[in-house]
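Next comes entry_34.txt, with compact mmCIF, C-alpha atoms and all ligand atoms.
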```
# COMPACT_ATOMS: atom_id res chain seq x y z
CA MET A 1 35.85 -59.84 30.02
CA SER A 2 35.94 -60.65 26.29
CA ILE A 3 37.93 -63.69 25.25
CA VAL A 4 40.30 -61.45 23.26
CA SER A 5 41.25 -59.30 26.28
CA GLN A 6 41.54 -62.39 28.47
CA LEU A 7 44.01 -63.87 25.99
CA GLU A 8 45.91 -60.58 25.79
CA SER A 9 46.41 -60.34 29.54
CA ARG A 10 47.58 -63.96 29.63
CA ARG A 11 50.02 -63.15 26.80
CA GLN A 12 51.38 -60.14 28.69
CA GLU A 13 51.86 -62.24 31.82
CA GLY A 14 53.82 -64.80 29.76
CA ARG A 15 51.24 -67.51 30.55
CA LEU A 16 49.73 -68.00 27.10
CA ARG A 17 49.54 -71.69 26.21
CA SER A 18 50.42 -72.60 22.64
CA LEU A 19 50.76 -75.87 20.77
CA ARG A 20 54.13 -77.13 19.53
CA THR A 21 55.42 -80.33 17.98
CA THR A 22 58.16 -82.39 19.61
CA LYS A 23 59.00 -84.80 16.78
CA GLY A 24 62.70 -85.72 16.56
CA LEU A 25 63.48 -84.94 20.21
CA ILE A 26 64.66 -87.67 22.59
CA ASP A 27 61.61 -88.45 24.68
CA PHE A 28 62.03 -88.05 28.42
CA CYS A 29 58.65 -86.44 28.72
CA SER A 30 55.73 -88.46 27.41
CA ASN A 31 53.55 -90.93 29.34
CA ASP A 32 54.36 -93.72 26.85
CA TYR A 33 56.24 -95.68 29.57
CA LEU A 34 56.40 -98.98 27.69
CA GLY A 35 56.66 -97.48 24.21
CA PHE A 36 53.36 -99.08 23.16
CA ALA A 37 52.11 -95.82 21.65
CA ARG A 38 54.74 -96.27 18.93
CA ASP A 39 53.05 -99.46 17.69
CA ILE A 40 51.83 -99.09 14.16
CA GLU A 41 48.38 -100.25 13.17
CA SER A 42 47.86 -101.20 9.58
CA GLY A 43 44.98 -102.80 7.79
CA GLU A 44 42.25 -102.19 5.29
CA GLY A 45 40.78 -98.72 5.56
CA ARG A 46 43.04 -97.89 8.47
CA GLY A 47 46.25 -96.79 6.79
CA LEU A 48 49.28 -96.51 9.00
CA GLY A 49 49.53 -94.57 12.16
CA THR A 50 50.87 -94.79 15.69
CA MET A 51 48.46 -96.25 18.20
CA GLY A 52 48.98 -93.68 20.93
CA SER A 53 49.58 -89.94 21.14
CA THR A 54 51.68 -90.23 24.36
CA GLY A 55 50.24 -87.19 26.14
CA SER A 56 48.06 -84.12 26.01
CA ARG A 57 48.16 -81.76 23.02
CA LEU A 58 50.02 -79.11 25.05
CA ILE A 59 52.82 -81.47 26.12
CA THR A 60 53.73 -84.38 23.82
CA GLY A 61 50.41 -85.16 22.08
CA ASN A 62 50.56 -82.53 19.35
CA SER A 63 51.79 -83.12 15.79
CA SER A 64 51.86 -81.34 12.47
CA TYR A 65 49.50 -84.11 11.31
CA VAL A 66 46.72 -83.11 13.72
CA GLU A 67 47.21 -79.39 13.03
CA GLU A 68 47.03 -79.96 9.27
CA LEU A 69 43.97 -82.15 9.73
CA GLU A 70 42.27 -79.42 11.77
CA GLN A 71 42.84 -76.93 8.97
CA PHE A 72 41.73 -79.46 6.34
CA ILE A 73 38.46 -80.06 8.22
CA ALA A 74 37.95 -76.34 8.82
CA ASP A 75 38.39 -75.70 5.07
CA TYR A 76 35.99 -78.56 4.29
CA HIS A 77 33.30 -76.84 6.36
CA ASP A 78 34.27 -73.35 5.17
CA ALA A 79 35.45 -72.18 8.61
CA GLU A 80 38.49 -70.10 9.58
CA CYS A 81 39.97 -72.81 11.80
CA GLY A 82 39.18 -75.66 14.16
CA LEU A 83 40.31 -77.52 17.25
CA ILE A 84 39.94 -81.27 17.59
CA PHE A 85 38.63 -82.74 20.86
CA ASN A 86 38.62 -86.39 21.86
CA SER A 87 34.84 -86.61 21.55
CA GLY A 88 31.77 -84.49 20.95
CA TYR A 89 31.08 -84.71 24.67
CA ASP A 90 34.51 -83.23 25.42
CA ALA A 91 34.07 -80.55 22.75
CA ASN A 92 30.80 -79.28 24.23
CA LEU A 93 32.10 -79.59 27.77
CA GLY A 94 35.18 -77.52 26.93
CA LEU A 95 33.39 -74.92 24.83
CA PHE A 96 30.40 -74.27 27.08
CA SER A 97 32.33 -74.32 30.36
CA SER A 98 34.97 -71.83 29.21
CA VAL A 99 33.75 -69.35 26.57
CA PRO A 100 30.57 -68.03 28.27
CA GLN A 101 31.78 -66.55 31.55
CA ARG A 102 30.51 -65.06 34.80
CA GLY A 103 27.98 -62.36 33.91
CA ASP A 104 27.30 -63.89 30.45
CA THR A 105 24.13 -65.70 29.40
CA VAL A 106 23.54 -68.86 27.36
CA LEU A 107 20.07 -69.59 26.02
CA PHE A 108 19.68 -73.15 24.80
CA ASP A 109 16.94 -75.22 23.23
CA GLU A 110 15.41 -77.58 25.80
CA TYR A 111 16.28 -80.54 23.51
CA CYS A 112 20.01 -79.76 23.53
CA HIS A 113 22.33 -82.64 24.27
CA ALA A 114 23.55 -83.52 27.79
CA SER A 115 27.11 -82.50 26.85
CA ILE A 116 25.98 -78.88 26.33
CA ARG A 117 24.12 -78.86 29.64
CA ASP A 118 27.06 -80.44 31.48
CA GLY A 119 29.43 -77.84 30.01
CA LEU A 120 27.16 -75.07 31.26
CA ARG A 121 27.01 -76.63 34.72
CA LEU A 122 30.81 -76.64 34.92
CA GLY A 123 31.08 -72.95 34.01
CA TYR A 124 29.98 -69.75 35.72
CA CYS A 125 27.57 -68.14 33.26
CA ARG A 126 23.79 -67.93 33.62
CA SER A 127 21.84 -70.28 31.39
CA HIS A 128 18.18 -70.74 30.53
CA SER A 129 16.46 -73.23 28.25
CA PHE A 130 13.69 -72.26 25.85
CA PRO A 131 10.93 -74.61 24.60
CA HIS A 132 11.98 -76.70 21.60
CA ASN A 133 12.23 -74.58 18.45
CA ASP A 134 10.13 -71.82 20.05
CA LEU A 135 11.72 -68.63 18.73
CA GLU A 136 9.17 -66.33 20.38
CA SER A 137 10.14 -67.62 23.82
CA LEU A 138 13.79 -67.31 22.81
CA GLU A 139 13.27 -63.67 21.84
CA ARG A 140 11.64 -62.91 25.20
CA LEU A 141 14.70 -64.37 26.92
CA LEU A 142 17.06 -62.48 24.58
CA LEU A 143 15.45 -59.19 25.61
CA ARG A 144 16.38 -59.84 29.24
CA ALA A 145 19.75 -61.55 28.75
CA GLU A 146 22.86 -59.95 30.25
CA GLY A 147 26.56 -59.89 29.39
CA ASN A 148 27.83 -61.62 26.29
CA VAL A 149 24.86 -63.64 25.06
CA PHE A 150 25.07 -67.01 23.31
CA VAL A 151 22.32 -69.11 21.78
CA ALA A 152 22.95 -72.87 21.57
CA VAL A 153 21.06 -75.22 19.28
CA GLU A 154 21.51 -78.48 17.39
CA SER A 155 21.03 -78.33 13.63
CA VAL A 156 19.40 -81.79 13.77
CA TYR A 157 18.09 -82.83 17.17
CA SER A 158 19.37 -86.20 18.24
CA MET A 159 16.24 -87.62 19.84
CA ASP A 160 13.59 -86.41 17.34
CA GLY A 161 15.47 -85.81 14.13
CA THR A 162 13.81 -82.37 13.96
CA PHE A 163 15.63 -79.39 12.45
CA ALA A 164 16.45 -76.05 14.04
CA ASP A 165 15.32 -73.11 11.90
CA LEU A 166 18.88 -71.91 11.45
CA ALA A 167 18.13 -69.00 9.10
CA ALA A 168 15.62 -67.53 11.57
CA LEU A 169 17.93 -68.21 14.52
CA VAL A 170 20.84 -66.43 12.85
CA SER A 171 18.70 -63.35 12.18
CA LEU A 172 17.29 -63.35 15.70
CA ALA A 173 20.75 -63.71 17.23
CA GLU A 174 22.08 -60.85 15.08
CA LYS A 175 19.12 -58.64 16.01
CA HIS A 176 19.97 -59.08 19.70
CA LYS A 177 23.77 -59.12 19.27
CA ALA A 178 23.94 -62.72 20.46
CA ARG A 179 26.32 -65.37 19.15
CA LEU A 180 24.90 -68.57 17.71
CA ILE A 181 26.55 -71.92 18.50
CA VAL A 182 25.38 -74.88 16.42
CA ASP A 183 26.00 -78.51 17.34
CA GLU A 184 26.04 -80.32 13.97
CA ALA A 185 26.61 -83.82 15.39
CA HIS A 186 23.68 -85.37 13.51
CA ALA A 187 24.04 -83.22 10.38
CA THR A 188 27.73 -83.89 9.74
CA GLY A 189 28.14 -86.07 6.67
CA LEU A 190 24.44 -85.91 5.82
CA PHE A 191 23.53 -82.38 4.77
CA GLY A 192 25.15 -79.95 2.37
CA GLU A 193 26.52 -80.79 -1.07
CA ARG A 194 29.54 -82.55 0.43
CA GLY A 195 28.12 -83.42 3.84
CA GLN A 196 29.42 -80.23 5.46
CA GLY A 197 26.33 -79.88 7.64
CA ARG A 198 23.23 -77.71 7.66
CA VAL A 199 25.02 -74.43 8.38
CA VAL A 200 26.94 -74.68 5.10
CA GLU A 201 23.90 -76.11 3.30
CA LEU A 202 22.09 -72.86 4.17
CA ASN A 203 25.22 -70.73 3.56
CA LEU A 204 25.18 -69.33 7.11
CA GLN A 205 28.76 -70.16 8.05
CA ALA A 206 29.92 -66.52 8.21
CA ARG A 207 27.10 -65.70 10.65
CA VAL A 208 27.53 -68.57 13.12
CA TYR A 209 29.99 -68.10 15.99
CA ALA A 210 30.94 -71.75 16.53
CA ARG A 211 30.03 -75.15 15.16
CA ILE A 212 30.61 -78.59 16.66
CA HIS A 213 31.10 -81.48 14.24
CA THR A 214 31.44 -84.95 15.68
CA PHE A 215 33.22 -87.81 13.93
CA GLY A 216 31.40 -90.62 15.73
CA LYS A 217 28.05 -90.41 13.91
CA ALA A 218 27.82 -90.43 10.09
CA LEU A 219 31.62 -90.41 9.73
CA GLY A 220 31.88 -93.66 11.68
CA ARG A 221 35.05 -92.62 13.53
CA HIS A 222 35.76 -90.96 16.88
CA GLY A 223 36.39 -87.42 18.10
CA ALA A 224 35.03 -83.98 17.24
CA ILE A 225 36.05 -80.54 16.11
CA VAL A 226 34.99 -77.07 17.21
CA LEU A 227 35.01 -74.66 14.26
CA GLY A 228 35.29 -70.90 14.65
CA ASP A 229 37.80 -68.06 14.39
CA GLN A 230 41.44 -67.92 15.54
CA ASN A 231 40.59 -66.19 18.82
CA LEU A 232 38.15 -68.93 19.71
CA ARG A 233 40.72 -71.63 18.88
CA VAL A 234 43.49 -70.02 20.96
CA PHE A 235 41.04 -69.41 23.78
CA LEU A 236 39.98 -73.07 23.85
CA ILE A 237 43.63 -74.18 23.84
CA ASN A 238 44.13 -71.99 26.90
CA TYR A 239 40.93 -72.47 28.88
CA ALA A 240 38.98 -75.57 27.77
CA ARG A 241 39.85 -78.08 30.46
CA SER A 242 38.51 -81.06 28.50
CA PHE A 243 41.10 -80.17 25.83
CA ILE A 244 44.01 -79.33 28.14
CA TYR A 245 43.90 -82.14 30.67
CA THR A 246 43.55 -85.29 28.57
CA THR A 247 45.64 -87.56 26.36
CA SER A 248 44.96 -86.56 22.76
CA LEU A 249 43.70 -88.83 19.97
CA PRO A 250 46.34 -91.14 18.44
CA GLU A 251 47.57 -90.73 14.89
CA SER A 252 45.75 -93.94 13.85
CA ALA A 253 42.43 -92.40 14.95
CA LEU A 254 43.21 -89.12 13.20
CA MET A 255 44.06 -90.97 10.00
CA GLY A 256 40.72 -92.71 10.31
CA VAL A 257 39.03 -89.31 10.49
CA LYS A 258 40.94 -88.12 7.40
CA SER A 259 39.95 -91.27 5.49
CA ALA A 260 36.30 -90.69 6.43
CA TYR A 261 36.45 -87.13 5.04
CA ASP A 262 38.09 -88.46 1.86
CA LYS A 263 35.20 -90.93 1.46
CA LEU A 264 32.66 -88.24 2.21
CA SER A 265 33.99 -85.94 -0.49
CA LYS A 266 33.33 -88.68 -3.09
CA ILE A 267 29.69 -89.33 -2.17
CA ASN A 268 26.95 -88.18 -4.50
CA PHE A 269 24.57 -86.77 -1.91
CA LYS A 270 21.68 -86.58 -4.37
CA GLU A 271 21.81 -90.38 -4.68
CA LEU A 272 21.94 -91.34 -1.01
CA LYS A 273 19.99 -94.54 -0.49
CA LEU A 274 19.18 -93.66 3.09
CA ARG A 275 17.04 -90.75 1.88
CA ARG A 276 14.94 -93.18 -0.18
CA LEU A 277 14.66 -95.54 2.80
CA GLN A 278 13.68 -92.64 5.01
CA GLY A 279 10.93 -91.72 2.50
CA LEU A 280 9.75 -95.34 2.28
CA PHE A 281 9.68 -95.66 6.07
CA THR A 282 7.66 -92.47 6.64
CA LYS A 283 5.23 -93.37 3.84
CA LEU A 284 4.60 -96.85 5.29
CA VAL A 285 4.21 -95.54 8.83
CA GLU A 286 1.88 -92.73 7.78
CA GLU A 287 -0.37 -95.30 6.08
CA CYS A 288 -0.84 -97.00 9.42
CA SER A 289 -2.92 -94.92 11.84
CA ALA A 290 -1.76 -96.97 14.85
CA LEU A 291 1.79 -95.59 14.56
CA ASP A 292 2.52 -92.03 15.66
CA LEU A 293 5.61 -90.55 14.00
CA ILE A 294 7.38 -87.28 14.89
CA GLU A 295 7.75 -85.25 11.68
CA SER A 296 11.42 -85.37 10.69
CA PHE A 297 13.36 -84.85 7.46
CA SER A 298 16.49 -86.54 8.79
CA PRO A 299 17.48 -90.21 9.08
CA ILE A 300 16.40 -90.08 12.75
CA GLN A 301 12.75 -91.09 13.02
CA GLY A 302 10.95 -91.03 16.37
CA LEU A 303 7.94 -93.23 16.92
CA ILE A 304 6.00 -92.01 19.93
CA CYS A 305 4.94 -94.76 22.36
CA GLY A 306 3.70 -92.57 25.23
CA SER A 307 5.07 -94.67 28.09
CA ASN A 308 8.27 -96.37 29.14
CA THR A 309 6.46 -99.72 29.32
CA LEU A 310 5.20 -99.57 25.73
CA ALA A 311 8.52 -98.29 24.37
CA LYS A 312 10.39 -101.14 26.08
CA SER A 313 7.92 -103.82 25.02
CA LEU A 314 7.91 -102.67 21.36
CA SER A 315 11.70 -102.66 21.35
CA GLN A 316 11.72 -106.17 22.84
CA ALA A 317 9.17 -107.40 20.26
CA LEU A 318 11.40 -106.09 17.45
CA GLU A 319 14.47 -107.68 19.00
CA ASN A 320 12.64 -111.03 19.08
CA GLU A 321 12.33 -110.65 15.30
CA GLY A 322 16.05 -109.85 14.93
CA ILE A 323 15.66 -106.06 14.64
CA PHE A 324 17.49 -103.69 16.98
CA VAL A 325 15.78 -100.40 17.80
CA TYR A 326 16.56 -98.60 21.03
CA PRO A 327 13.75 -97.31 23.26
CA ILE A 328 14.24 -93.76 24.54
CA LEU A 329 12.64 -93.50 27.95
CA SER A 330 11.68 -90.68 30.28
CA PRO A 331 13.39 -88.80 31.88
CA THR A 332 15.80 -88.72 28.86
CA VAL A 333 12.77 -87.41 26.94
CA PRO A 334 9.72 -85.74 28.57
CA LYS A 335 7.08 -88.03 30.11
CA GLY A 336 4.43 -88.99 27.56
CA THR A 337 6.88 -88.70 24.64
CA GLU A 338 8.76 -91.96 25.31
CA ARG A 339 9.65 -93.36 21.93
CA LEU A 340 11.47 -95.74 19.65
CA ARG A 341 14.38 -93.94 17.98
CA ILE A 342 14.75 -95.44 14.52
CA CYS A 343 17.80 -94.55 12.41
CA MET A 344 18.05 -95.19 8.67
CA HIS A 345 21.44 -96.18 7.29
CA GLU A 346 22.99 -96.43 3.86
CA PHE A 347 23.51 -100.16 4.46
CA ASN A 348 19.86 -100.92 5.33
CA THR A 349 17.66 -102.40 2.61
CA GLU A 350 14.08 -101.81 1.46
CA ASP A 351 13.24 -105.34 2.65
CA GLU A 352 14.53 -104.50 6.11
CA VAL A 353 12.39 -101.36 6.23
CA LEU A 354 9.31 -103.37 5.19
CA ARG A 355 10.06 -105.97 7.86
CA LEU A 356 10.54 -103.27 10.47
CA VAL A 357 7.21 -101.60 9.74
CA ASN A 358 5.33 -104.92 9.59
CA CYS A 359 6.79 -105.98 12.95
CA LEU A 360 5.86 -102.61 14.44
CA LYS A 361 2.28 -102.94 13.22
CA LEU A 362 1.94 -106.47 14.65
CA ALA A 363 3.59 -105.53 17.95
CA LYS A 364 1.42 -102.44 18.35
CA LYS A 365 -1.72 -104.61 18.01
C1 LIG B 401 23.95 -83.50 19.61
C2 LIG B 401 25.12 -84.25 20.18
N1 LIG B 401 26.21 -83.55 20.55
C3 LIG B 401 27.28 -84.17 21.05
C4 LIG B 401 27.31 -85.54 21.21
C5 LIG B 401 28.52 -86.19 21.80
O1 LIG B 401 29.31 -86.71 20.79
P1 LIG B 401 30.34 -87.91 21.08
O2 LIG B 401 29.54 -89.16 21.01
O3 LIG B 401 31.37 -87.78 20.02
O4 LIG B 401 30.89 -87.68 22.45
C6 LIG B 401 26.21 -86.30 20.82
C7 LIG B 401 26.23 -87.78 20.97
O5 LIG B 401 25.33 -88.43 21.33
C8 LIG B 401 25.07 -85.64 20.30
O6 LIG B 401 23.98 -86.31 19.93
```
Taking this structure as input, can you express it in the form of structure tokens?
Ligand SMILES: Cc1ncc(COP(=O)(O)O)c(C=O)c1O
Amino acid sequence: MSIVSQLESRRQEGRLRSLRTTKGLIDFCSNDYLGFARDIESGEGRGLGTMGSTGSRLITGNSSYVEELEQFIADYHDAECGLIFNSGYDANLGLFSSVPQRGDTVLFDEYCHASIRDGLRLGYCRSHSFPHNDLESLERLLLRAEGNVFVAVESVYSMDGTFADLAALVSLAEKHKARLIVDEAHATGLFGERGQGRVVELNLQARVYARIHTFGKALGRHGAIVLGDQNLRVFLINYARSFIYTTSLPESALMGVKSAYDKLSKINFKELKLRRLQGLFTKLVEECSALDLIESFSPIQGLICGSNTLAKSLSQALENEGIFVYPILSPTVPKGTERLRICMHEFNTEDEVLRLVNCLKLAKK
């Protein structure tokens, strides 16, 4: 059944869930037993805001503030509307477990995040992975896919920093009447003229069914939003269990998200230092034949080690020199591709990059 007809039958049965605000009412409902959620947090960069939301969005945890913020963020990313979840994990869990249904098919890149896979495992649709960025394999699967068909990708892959070919994916999805879902966790705040992500950077927003933007990466906050059309939003409010059955984010956290977007809108993306550092890092590593880098045009740089033992010992050697780089081991990544995942930041310095590469060279010897 399509999500629109499912919503319509729920409406007719008088069971449609909708959000409302309860401000100004005497509270005999919330879970704020000791009143602690009313505490106000203030401080630099934090603004003012209550520390707790007191309940789930459908009961006492909704506010005009969060609804306005959802629309503000949707506008920022040029989407019709959005729904905030407590984390990117919750957003993917809710979306992928509810929207694709029994008889539907989801085809996802093998490098997709655990939250997408876990969402699919909680739902009832069929799902198949395709080899990383292999659009020919994807097309073969699309030809056999049944029901409503969805394709799930990340615009920047979290473990390699590689890009999905979004323009080609959109065309392929359209050709086979499939809907494209793009997780923009590692593109949010980094790509596009105002950090809106790669979908907007490539002007594909009208052709993508849903996007997931997380606030815990480049935005330095917490939570996530699913962007899409009104039907999708109402459907998630009604069926996404990771949205329905959890205490919502407090006002203080939401204000933090708003302040991050305000900062983002003032950044000159052409002048980002982390791009220069990224260039410096790749240049230095490429000059050294002993180091094997995965090609990536994002701040995520993967240095292949080839075994868990080498990845762990290189990470330890860097830590001994005061540098923290996390080793990514199998089975998180396929055997033989164990790596160091190196992330460039705006606050890193050229000196730090030089030190990092020198330490890597010495440790590798
Ligand atoms: C691609 C991707 N999607 C979703 C998530 C989950 O986001 P969050 O940390 O906000 O739960 C992550 C986090 O690691 C991620 O890398």
If you count only C-alpha atoms and all ligand atoms, which residues end up within 7 Å of ligand LIG 401 (chain B), as a VMD selection string? chain A and resid 87 to 90 92 112 to 113 115 154 157 to 158 183 to 186 214 to 216 222 to 224
Within 10 Å of (7.4, -107.6, 18.8), all atoms listed in the file: residues as a PyMOL selection string? chain A and resi 313-323+356+358-365
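Atom pair atom CA of Ser2 of chain A / atom CA of Val149 of chain A has a distance of 11.5 Å (rounded to one decimal).
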Point-to-point distance in Å for atom CA of Phe297 of chain A and atom CA of Ile267 of chain A: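 A separation of 19.5 Å between them.
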Close residues, Leu19 of chain A itself excluded, 7 Å, all atoms listed in the file, min 6 positions apart in chain, as a list in words: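 Residues meeting the cut-off are Arg57, Leu58 and Asn62 of chain A.
Closest approach to Gln230 of chain A among A:Ile40, A:Val208, A:Ala79, A:Leu354: A:Ala79, based on all atoms listed in the file.
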Could you please determine the separation between atom CA of Tyr111 of chain A and atom CA of Ala173 of chain A in Å, to one decimal place?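 Result for atom CA of Tyr111 of chain A versus atom CA of Ala173 of chain A: 18.5 Å, one decimal.
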Give the answer as one residue: which of A:Phe150, A:Ser155, A:Ile73, A:Gly123 has the shortest atom-to-atom distance to Val106 of chain A, using all atoms listed in the file? A:Phe150
Quick one: residues within 12 Å of Ile181 of chain A, all atoms listed in the file counted, chain neighbours fewer than 3 positions away excluded, as a ChimeraX atom specification? /A:92,95-96,99-100,106-109,112,116,149-155,164,166,169-170,173,178,184,199,204-205,207-213,226-228
Against segment 6-13 of chain A, which residues of segment 204-299 of chain A fall within 9 Å? For each one I want the closest pair of atoms and the distance in Å (one decimal), counting all atoms listed in the file, rows by chain and increasing residue number, as CSV.
```
residue,atom,partner,partner_atom,distance
A:Asn231,CA,A:Leu7,CA,8.3
A:Val234,CA,A:Leu7,CA,8.0
A:Phe235,CA,A:Leu7,CA,6.7
A:Asn238,CA,A:Leu7,CA,8.2
```
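Compared by their closest atoms to Asp118 of chain A, and using only C-alpha atoms, the residues A:Pro299, A:Gly94, A:Gly103, A:Gly192 rank with A:Gly94 nearest.
Distances to Leu172 of chain A were evaluated for A:Asp78, A:Glu70, A:Asp262, A:Glu139 using only C-alpha atoms, and the minimum falls at A:Glu139.
Closest approach to Leu120 of chain A from the set A:Ser98, A:Arg179, A:Gly14, A:Leu135 is made by A:Ser98, with distances taken over only C-alpha atoms.
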Return the single residue from A:Ser171, A:Ser248, A:Ser265, A:Ser137 that is closest to Gln196 of chain A, with distances computed using all atoms listed in the file.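 Ranking A:Ser171, A:Ser248, A:Ser265, A:Ser137 by distance to Gln196 of chain A, first place goes to A:Ser265.
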Could you list, as a PyMOL selection string, every residue within 12 Å of Ser259 of chain A, counting all atoms listed in the file and ignoring same-chain residues fewer than 2 positions away? chain A and resi 44-48+69+72-73+215+219-221+252-257+261-266
Can you tell me which residues surround Ile244 of chain A at a distance of at most 7 Å, considering only C-alpha atoms, apart from same-chain residues fewer than 3 positions away, and format the answer as a ChimeraX atom specification? /A:56,58,237,240-241
